[in-house]
Amino acid sequence: MKPIATVIISIYFCLIITEIIWSIAKSKNVYNFKETCSNLFIFIGGRGFKSLTAPLIYVFYGFFQPYALFDIPINAFSFIGSLIIVDFISYWNHRLLHEIKFLWTIHHVHHSSIWMNFTTSFRLNWLGAFISPIFYLPVILLGFPPTPIVISLLLNLAYQFFLHTEIIGQLPLIEGWLNTPSAHRVHHGSNPKYIDKNYGGIFIVWDRLFGTYQPETEKVIYGVTTGFAGHNPFKLLFQPIIKYFQGSFATEATNRQKIFDRN
């Protein structure tokens, strides 16, 4: 897995450099130096956490594997099946990260940036590595082996890197079916009509099925409704959690309702 990860990360950074060149050539305000440094720091720290949690995930899934309903072999069909099921669960995982107050404190860092670029995809809370695997336990209990599940999770996450950009406009043939940069820009918007929309990972069809799909129809205002959160990576990662236990953390849903009440 390490050589594959190295190749993927190399592609990421080549695209980041390309995007920076594009933003300069087109005079696009999509990068901020301090913000980028913070995102890279969070990414490096996250890689460290994943190196610790990856073996634990296999142990965790392996513990429950004997209780599976079926014994599904590792083949092309199990990989395709796990990819679809993992993406379906990813939709609900992502949605609950927004709708459950404590989980939002963990996911908050990903939405707190007021810029949209490839490095925004790096803003993932380190504690998420301990929580997300729990959501995918039902796939193990169905009988899927851990390997295709982990690979499906990695592919899902890798795909979403390419969604964090303004380089690509709307893609008419696949909008509303596959997740696209346009659909994901909406997801990062703090505009009232964009909040809590487009949770899909690879497939956006889940949003269409469950009533959370919103196409990009107006300029996106990035960030959270509570305002700019700064550049300190430790505050970005942990301040919402601290505020939660102090009883002073507001969810996006609470702020959204205030916006609607004013309107």
# chains A, B, ... in the order shown; residues from 1 in each chain; ligands from 1
$ residues_around --residues "range 98-106 of chain A" --least-positions-apart "4" --cutoff "10 Å" --atoms "only C-alpha atoms" --output "ChimeraX atom specification"
/A:92-94,110-111,124-128,131,195-197,199,236-245,249-254
$ write_last_selection --atoms "C-alpha atoms" --output "mmCIF file, in the first residue's frame"
data_model
loop_
_atom_site.group_PDB
_atom_site.id
_atom_site.type_symbol
_atom_site.label_atom_id
_atom_site.label_comp_id
_atom_site.auth_asym_id
_atom_site.auth_seq_id
_atom_site.Cartn_x
_atom_site.Cartn_y
_atom_site.Cartn_z
ATOM 1 C CA TRP A 92 -24.805 8.697 5.932
ATOM 2 C CA ASN A 93 -21.505 8.985 7.763
ATOM 3 C CA HIS A 94 -20.975 12.416 6.207
ATOM 4 C CA HIS A 110 -12.987 20.658 7.027
ATOM 5 C CA HIS A 111 -15.572 23.396 6.471
ATOM 6 C CA LEU A 124 -9.554 16.375 8.102
ATOM 7 C CA ASN A 125 -9.665 16.030 11.870
ATOM 8 C CA TRP A 126 -7.088 13.594 13.187
ATOM 9 C CA LEU A 127 -9.669 12.070 15.549
ATOM 10 C CA GLY A 128 -11.820 11.068 12.588
ATOM 11 C CA ILE A 131 -14.490 7.258 14.553
ATOM 12 C CA ILE A 195 -25.886 24.363 3.949
ATOM 13 C CA ASP A 196 -26.171 20.613 4.604
ATOM 14 C CA LYS A 197 -26.335 19.641 0.936
ATOM 15 C CA TYR A 199 -23.050 14.700 1.159
ATOM 16 C CA LEU A 236 -8.926 24.492 13.965
ATOM 17 C CA LEU A 237 -8.714 20.842 14.990
ATOM 18 C CA PHE A 238 -9.580 20.974 18.666
ATOM 19 C CA GLN A 239 -11.235 24.275 19.628
ATOM 20 C CA PRO A 240 -14.728 23.169 18.481
ATOM 21 C CA ILE A 241 -14.417 20.007 20.596
ATOM 22 C CA ILE A 242 -13.283 22.016 23.640
ATOM 23 C CA LYS A 243 -16.152 24.468 23.151
ATOM 24 C CA TYR A 244 -18.564 21.552 22.882
ATOM 25 C CA PHE A 245 -17.612 20.259 26.319
ATOM 26 C CA PHE A 249 -20.381 25.282 20.582
ATOM 27 C CA ALA A 250 -23.092 26.118 18.040
ATOM 28 C CA THR A 251 -23.908 23.803 15.151
ATOM 29 C CA GLU A 252 -24.358 24.976 11.605
ATOM 30 C CA ALA A 253 -27.982 23.890 11.874
ATOM 31 C CA THR A 254 -28.530 26.298 14.777
#
$ residues_around --residues "Tyr136 in chain A" --least-positions-apart "6" --cutoff "12 Å" --atoms "only C-alpha atoms" --output "list of chain:residue names"
A:Ile57, A:Phe60, A:Tyr61, A:Phe64, A:Ser82, A:Leu83, A:Ile85, A:Val86, A:Asp87, A:Phe88, A:Ile89, A:Ser90, A:Tyr91, A:Trp92, A:Asn93, A:Phe130, A:Leu142, A:Gly143, A:Phe144, A:Pro145, A:Pro146, A:Pro148, A:Ile149, A:Val150, A:Ser152, A:Leu153
$ write_last_selection --atoms "N, CA and C atoms" --output "mmCIF file, in the first residue's frame"
data_model
loop_
_atom_site.group_PDB
_atom_site.id
_atom_site.type_symbol
_atom_site.label_atom_id
_atom_site.label_comp_id
_atom_site.auth_asym_id
_atom_site.auth_seq_id
_atom_site.Cartn_x
_atom_site.Cartn_y
_atom_site.Cartn_z
ATOM 1 N N ILE A 57 -7.553 -0.757 12.568
ATOM 2 C CA ILE A 57 -8.778 -0.967 11.797
ATOM 3 C C ILE A 57 -8.891 -2.426 11.372
ATOM 4 N N PHE A 60 -9.771 -4.397 14.397
ATOM 5 C CA PHE A 60 -11.165 -4.119 14.760
ATOM 6 C C PHE A 60 -12.120 -4.897 13.855
ATOM 7 N N TYR A 61 -11.895 -4.803 12.547
ATOM 8 C CA TYR A 61 -12.759 -5.510 11.603
ATOM 9 C C TYR A 61 -12.571 -7.025 11.721
ATOM 10 N N PHE A 64 -14.739 -8.743 14.379
ATOM 11 C CA PHE A 64 -16.150 -8.948 14.081
ATOM 12 C C PHE A 64 -16.390 -9.863 12.881
ATOM 13 N N SER A 82 -18.410 -3.743 -2.465
ATOM 14 C CA SER A 82 -17.950 -2.984 -1.293
ATOM 15 C C SER A 82 -17.808 -1.507 -1.618
ATOM 16 N N LEU A 83 -17.377 -1.199 -2.858
ATOM 17 C CA LEU A 83 -17.237 0.208 -3.259
ATOM 18 C C LEU A 83 -18.581 0.926 -3.209
ATOM 19 N N ILE A 85 -21.408 -0.100 -1.538
ATOM 20 C CA ILE A 85 -21.956 -0.082 -0.178
ATOM 21 C C ILE A 85 -21.199 0.907 0.700
ATOM 22 N N VAL A 86 -19.875 0.931 0.564
ATOM 23 C CA VAL A 86 -19.071 1.887 1.332
ATOM 24 C C VAL A 86 -19.451 3.315 0.978
ATOM 25 N N ASP A 87 -19.708 3.574 -0.301
ATOM 26 C CA ASP A 87 -20.103 4.925 -0.707
ATOM 27 C C ASP A 87 -21.468 5.288 -0.133
ATOM 28 N N PHE A 88 -22.383 4.321 -0.092
ATOM 29 C CA PHE A 88 -23.704 4.545 0.501
ATOM 30 C C PHE A 88 -23.573 4.886 1.980
ATOM 31 N N ILE A 89 -22.752 4.107 2.692
ATOM 32 C CA ILE A 89 -22.535 4.385 4.113
ATOM 33 C C ILE A 89 -21.803 5.711 4.296
ATOM 34 N N SER A 90 -20.901 6.013 3.358
ATOM 35 C CA SER A 90 -20.174 7.278 3.413
ATOM 36 C C SER A 90 -21.129 8.465 3.389
ATOM 37 N N TYR A 91 -22.197 8.336 2.588
ATOM 38 C CA TYR A 91 -23.210 9.407 2.544
ATOM 39 C C TYR A 91 -23.778 9.635 3.940
ATOM 40 N N TRP A 92 -24.183 8.561 4.607
ATOM 41 C CA TRP A 92 -24.805 8.697 5.932
ATOM 42 C C TRP A 92 -23.788 9.084 6.998
ATOM 43 N N ASN A 93 -22.579 8.565 6.862
ATOM 44 C CA ASN A 93 -21.505 8.985 7.763
ATOM 45 C C ASN A 93 -21.320 10.494 7.671
ATOM 46 N N PHE A 130 -10.332 7.518 14.224
ATOM 47 C CA PHE A 130 -10.799 6.589 15.236
ATOM 48 C C PHE A 130 -12.306 6.366 15.163
ATOM 49 N N LEU A 142 -21.898 -7.981 7.033
ATOM 50 C CA LEU A 142 -22.533 -8.598 5.864
ATOM 51 C C LEU A 142 -21.688 -9.745 5.328
ATOM 52 N N GLY A 143 -20.384 -9.661 5.526
ATOM 53 C CA GLY A 143 -19.511 -10.723 5.076
ATOM 54 C C GLY A 143 -18.398 -10.299 4.152
ATOM 55 N N PHE A 144 -18.275 -8.988 3.891
ATOM 56 C CA PHE A 144 -17.189 -8.505 3.047
ATOM 57 C C PHE A 144 -15.870 -8.557 3.822
ATOM 58 N N PRO A 145 -14.806 -9.025 3.196
ATOM 59 C CA PRO A 145 -13.502 -9.056 3.876
ATOM 60 C C PRO A 145 -12.977 -7.638 4.114
ATOM 61 N N PRO A 146 -12.106 -7.446 5.098
ATOM 62 C CA PRO A 146 -11.580 -6.105 5.405
ATOM 63 C C PRO A 146 -10.835 -5.455 4.246
ATOM 64 N N PRO A 148 -11.092 -5.378 0.738
ATOM 65 C CA PRO A 148 -11.838 -4.548 -0.214
ATOM 66 C C PRO A 148 -12.522 -3.355 0.435
ATOM 67 N N ILE A 149 -12.876 -3.484 1.711
ATOM 68 C CA ILE A 149 -13.506 -2.363 2.411
ATOM 69 C C ILE A 149 -12.501 -1.230 2.590
ATOM 70 N N VAL A 150 -11.303 -1.570 3.060
ATOM 71 C CA VAL A 150 -10.269 -0.552 3.276
ATOM 72 C C VAL A 150 -9.883 0.098 1.952
ATOM 73 N N SER A 152 -11.770 0.349 -0.711
ATOM 74 C CA SER A 152 -12.902 1.182 -1.116
ATOM 75 C C SER A 152 -12.903 2.515 -0.379
ATOM 76 N N LEU A 153 -12.569 2.480 0.916
ATOM 77 C CA LEU A 153 -12.484 3.715 1.702
ATOM 78 C C LEU A 153 -11.378 4.623 1.171
#
$ closest_residue --among "A:Phe49, A:Phe234, A:Phe203, A:Phe33" --to "Gln160 in chain A" --atoms "only C-alpha atoms"
A:Phe203
$ closest_residue --among "A:Ser248, A:Arg95, A:Ala158, A:Thr119" --to "Gly211 in chain A" --atoms "only C-alpha atoms"
A:Arg95
$ closest_residue --among "A:Glu35, A:Asp207, A:Glu166, A:Glu19" --to "His231 in chain A" --atoms "only C-alpha atoms"
A:Glu35
$ closest_residue --among "A:Val59, A:Gly201, A:Phe118, A:Arg47" --to "Ile17 in chain A" --atoms "only C-alpha atoms"
A:Phe118
$ closest_residue --among "A:Leu155, A:Pro233, A:His184, A:Thr6" --to "Phe41 in chain A" --atoms "only C-alpha atoms"
A:Pro233
$ select_by_dssp --residues "range 75-129 of chain A" --states "helix (DSSP H, G or I)" --output "count of residues only"
42
$ closest_atom_pairs --of "range 183-239 of chain A" --to "range 169-178 of chain A" --cutoff "8 Å" --atoms "only C-alpha atoms" --output "Markdown table"
| residue | atom | partner | partner_atom | distance |
| --- | --- | --- | --- | --- |
| A:Ala183 | CA | A:Glu175 | CA | 7.4 |
| A:Ile202 | CA | A:Leu178 | CA | 5.9 |
| A:Phe203 | CA | A:Leu178 | CA | 4.3 |
| A:Ile204 | CA | A:Leu178 | CA | 4.9 |
| A:Val205 | CA | A:Trp177 | CA | 4.9 |
| A:Arg208 | CA | A:Gly176 | CA | 7.2 |
| A:Tyr213 | CA | A:Gly176 | CA | 7.6 |
| A:Pro215 | CA | A:Gly176 | CA | 7.7 |
$ write_last_selection --atoms "C-alpha atoms" --output "PDB file, in the first residue's frame"
ATOM      1  CA  ALA A 183     -21.529  19.774  -6.371  1.00  0.00           C
ATOM      2  CA  ILE A 202     -18.255   9.288  -5.300  1.00  0.00           C
ATOM      3  CA  PHE A 203     -21.944   9.045  -6.200  1.00  0.00           C
ATOM      4  CA  ILE A 204     -24.201  12.054  -5.689  1.00  0.00           C
ATOM      5  CA  VAL A 205     -27.259   9.940  -6.499  1.00  0.00           C
ATOM      6  CA  ARG A 208     -31.050  12.829  -4.991  1.00  0.00           C
ATOM      7  CA  TYR A 213     -29.057  17.419  -3.577  1.00  0.00           C
ATOM      8  CA  PRO A 215     -26.910  22.185  -7.840  1.00  0.00           C
TER       9      PRO A 215
END
$ closest_residue --among "A:Ile21, A:Ile151, A:Ala129, A:Ile167" --to "Leu52 in chain A" --atoms "only C-alpha atoms"
A:Ala129
$ atom_distance --atom1 "CA of Ile74 in chain A" --atom2 "CA of Ile140 in chain A"
12.6 Å
$ residues_around --residues "range 28-32 of chain A" --least-positions-apart "3" --cutoff "7 Å" --atoms "only C-alpha atoms" --output "ChimeraX atom specification"
/A:23-24,35-36,115-117
$ decode --residues "range 124-169 of chain A" --atoms "N, CA and C atoms" --output "compact mmCIF listing (two decimals), in the first residue's frame"
# COMPACT_ATOMS: atom_id res chain seq x y z
N LEU A 124 -8.76 17.44 7.49
CA LEU A 124 -9.55 16.37 8.10
C LEU A 124 -9.08 16.18 9.54
N ASN A 125 -10.03 16.14 10.45
CA ASN A 125 -9.66 16.03 11.87
C ASN A 125 -8.96 14.71 12.15
N TRP A 126 -7.88 14.79 12.88
CA TRP A 126 -7.09 13.59 13.19
C TRP A 126 -7.91 12.56 13.95
N LEU A 127 -8.87 13.00 14.76
CA LEU A 127 -9.67 12.07 15.55
C LEU A 127 -10.65 11.28 14.69
N GLY A 128 -10.90 11.77 13.48
CA GLY A 128 -11.82 11.07 12.59
C GLY A 128 -11.34 9.67 12.26
N ALA A 129 -10.03 9.44 12.30
CA ALA A 129 -9.48 8.12 12.00
C ALA A 129 -9.93 7.07 13.01
N PHE A 130 -10.33 7.52 14.22
CA PHE A 130 -10.80 6.59 15.24
C PHE A 130 -12.31 6.37 15.16
N ILE A 131 -13.02 7.30 14.54
CA ILE A 131 -14.49 7.26 14.55
C ILE A 131 -15.08 6.68 13.27
N SER A 132 -14.55 7.09 12.13
CA SER A 132 -15.13 6.67 10.84
C SER A 132 -15.22 5.15 10.67
N PRO A 133 -14.20 4.36 11.07
CA PRO A 133 -14.30 2.90 10.86
C PRO A 133 -15.53 2.27 11.48
N ILE A 134 -16.06 2.87 12.55
CA ILE A 134 -17.23 2.31 13.22
C ILE A 134 -18.43 2.30 12.28
N PHE A 135 -18.55 3.33 11.44
CA PHE A 135 -19.69 3.43 10.54
C PHE A 135 -19.71 2.30 9.51
N TYR A 136 -18.54 1.76 9.19
CA TYR A 136 -18.45 0.76 8.12
C TYR A 136 -18.46 -0.67 8.65
N LEU A 137 -18.68 -0.83 9.94
CA LEU A 137 -18.76 -2.16 10.53
C LEU A 137 -19.87 -3.02 9.91
N PRO A 138 -21.03 -2.44 9.54
CA PRO A 138 -22.07 -3.27 8.90
C PRO A 138 -21.60 -3.99 7.63
N VAL A 139 -20.63 -3.41 6.91
CA VAL A 139 -20.13 -4.07 5.70
C VAL A 139 -19.39 -5.34 6.08
N ILE A 140 -18.66 -5.30 7.18
CA ILE A 140 -17.97 -6.49 7.69
C ILE A 140 -19.01 -7.54 8.12
N LEU A 141 -20.04 -7.09 8.82
CA LEU A 141 -21.05 -8.01 9.32
C LEU A 141 -21.87 -8.64 8.20
N LEU A 142 -21.90 -7.98 7.03
CA LEU A 142 -22.53 -8.60 5.86
C LEU A 142 -21.69 -9.74 5.33
N GLY A 143 -20.38 -9.66 5.53
CA GLY A 143 -19.51 -10.72 5.08
C GLY A 143 -18.40 -10.30 4.15
N PHE A 144 -18.28 -8.99 3.89
CA PHE A 144 -17.19 -8.50 3.05
C PHE A 144 -15.87 -8.56 3.82
N PRO A 145 -14.81 -9.02 3.20
CA PRO A 145 -13.50 -9.06 3.88
C PRO A 145 -12.98 -7.64 4.11
N PRO A 146 -12.11 -7.45 5.10
CA PRO A 146 -11.58 -6.10 5.41
C PRO A 146 -10.83 -5.46 4.25
N THR A 147 -10.08 -6.25 3.45
CA THR A 147 -9.24 -5.66 2.40
C THR A 147 -10.03 -4.84 1.38
N PRO A 148 -11.09 -5.38 0.74
CA PRO A 148 -11.84 -4.55 -0.21
C PRO A 148 -12.52 -3.35 0.44
N ILE A 149 -12.88 -3.48 1.71
CA ILE A 149 -13.51 -2.36 2.41
C ILE A 149 -12.50 -1.23 2.59
N VAL A 150 -11.30 -1.57 3.06
CA VAL A 150 -10.27 -0.55 3.28
C VAL A 150 -9.88 0.10 1.95
N ILE A 151 -9.74 -0.72 0.90
CA ILE A 151 -9.41 -0.17 -0.42
C ILE A 151 -10.52 0.74 -0.92
N SER A 152 -11.77 0.35 -0.71
CA SER A 152 -12.90 1.18 -1.12
C SER A 152 -12.90 2.52 -0.38
N LEU A 153 -12.57 2.48 0.92
CA LEU A 153 -12.48 3.71 1.70
C LEU A 153 -11.38 4.62 1.17
N LEU A 154 -10.23 4.03 0.82
CA LEU A 154 -9.12 4.81 0.30
C LEU A 154 -9.46 5.43 -1.05
N LEU A 155 -10.14 4.65 -1.92
CA LEU A 155 -10.55 5.17 -3.23
C LEU A 155 -11.57 6.28 -3.07
N ASN A 156 -12.49 6.11 -2.12
CA ASN A 156 -13.50 7.13 -1.86
C ASN A 156 -12.85 8.43 -1.44
N LEU A 157 -11.88 8.32 -0.53
CA LEU A 157 -11.19 9.51 -0.03
C LEU A 157 -10.33 10.14 -1.12
N ALA A 158 -9.63 9.30 -1.90
CA ALA A 158 -8.78 9.81 -2.97
C ALA A 158 -9.60 10.54 -4.03
N TYR A 159 -10.76 10.01 -4.36
CA TYR A 159 -11.63 10.64 -5.35
C TYR A 159 -12.03 12.04 -4.91
N GLN A 160 -12.31 12.18 -3.60
CA GLN A 160 -12.81 13.46 -3.10
C GLN A 160 -11.75 14.56 -3.12
N PHE A 161 -10.48 14.19 -3.19
CA PHE A 161 -9.44 15.20 -3.34
C PHE A 161 -9.70 16.06 -4.57
N PHE A 162 -10.09 15.43 -5.67
CA PHE A 162 -10.26 16.12 -6.95
C PHE A 162 -11.50 17.02 -6.98
N LEU A 163 -12.32 16.94 -5.94
CA LEU A 163 -13.55 17.74 -5.89
C LEU A 163 -13.30 19.13 -5.32
N HIS A 164 -12.17 19.33 -4.66
CA HIS A 164 -11.90 20.58 -3.96
C HIS A 164 -11.14 21.56 -4.87
N THR A 165 -11.83 22.11 -5.84
CA THR A 165 -11.18 23.03 -6.77
C THR A 165 -12.20 23.89 -7.49
N GLU A 166 -11.73 25.05 -7.95
CA GLU A 166 -12.55 25.92 -8.78
C GLU A 166 -12.12 25.88 -10.25
N ILE A 167 -11.08 25.10 -10.53
CA ILE A 167 -10.61 25.00 -11.91
C ILE A 167 -11.69 24.43 -12.83
N ILE A 168 -12.38 23.42 -12.33
CA ILE A 168 -13.38 22.71 -13.14
C ILE A 168 -14.77 23.29 -12.88
N GLY A 169 -15.46 23.65 -13.94
CA GLY A 169 -16.82 24.17 -13.81
C GLY A 169 -17.82 23.04 -13.71
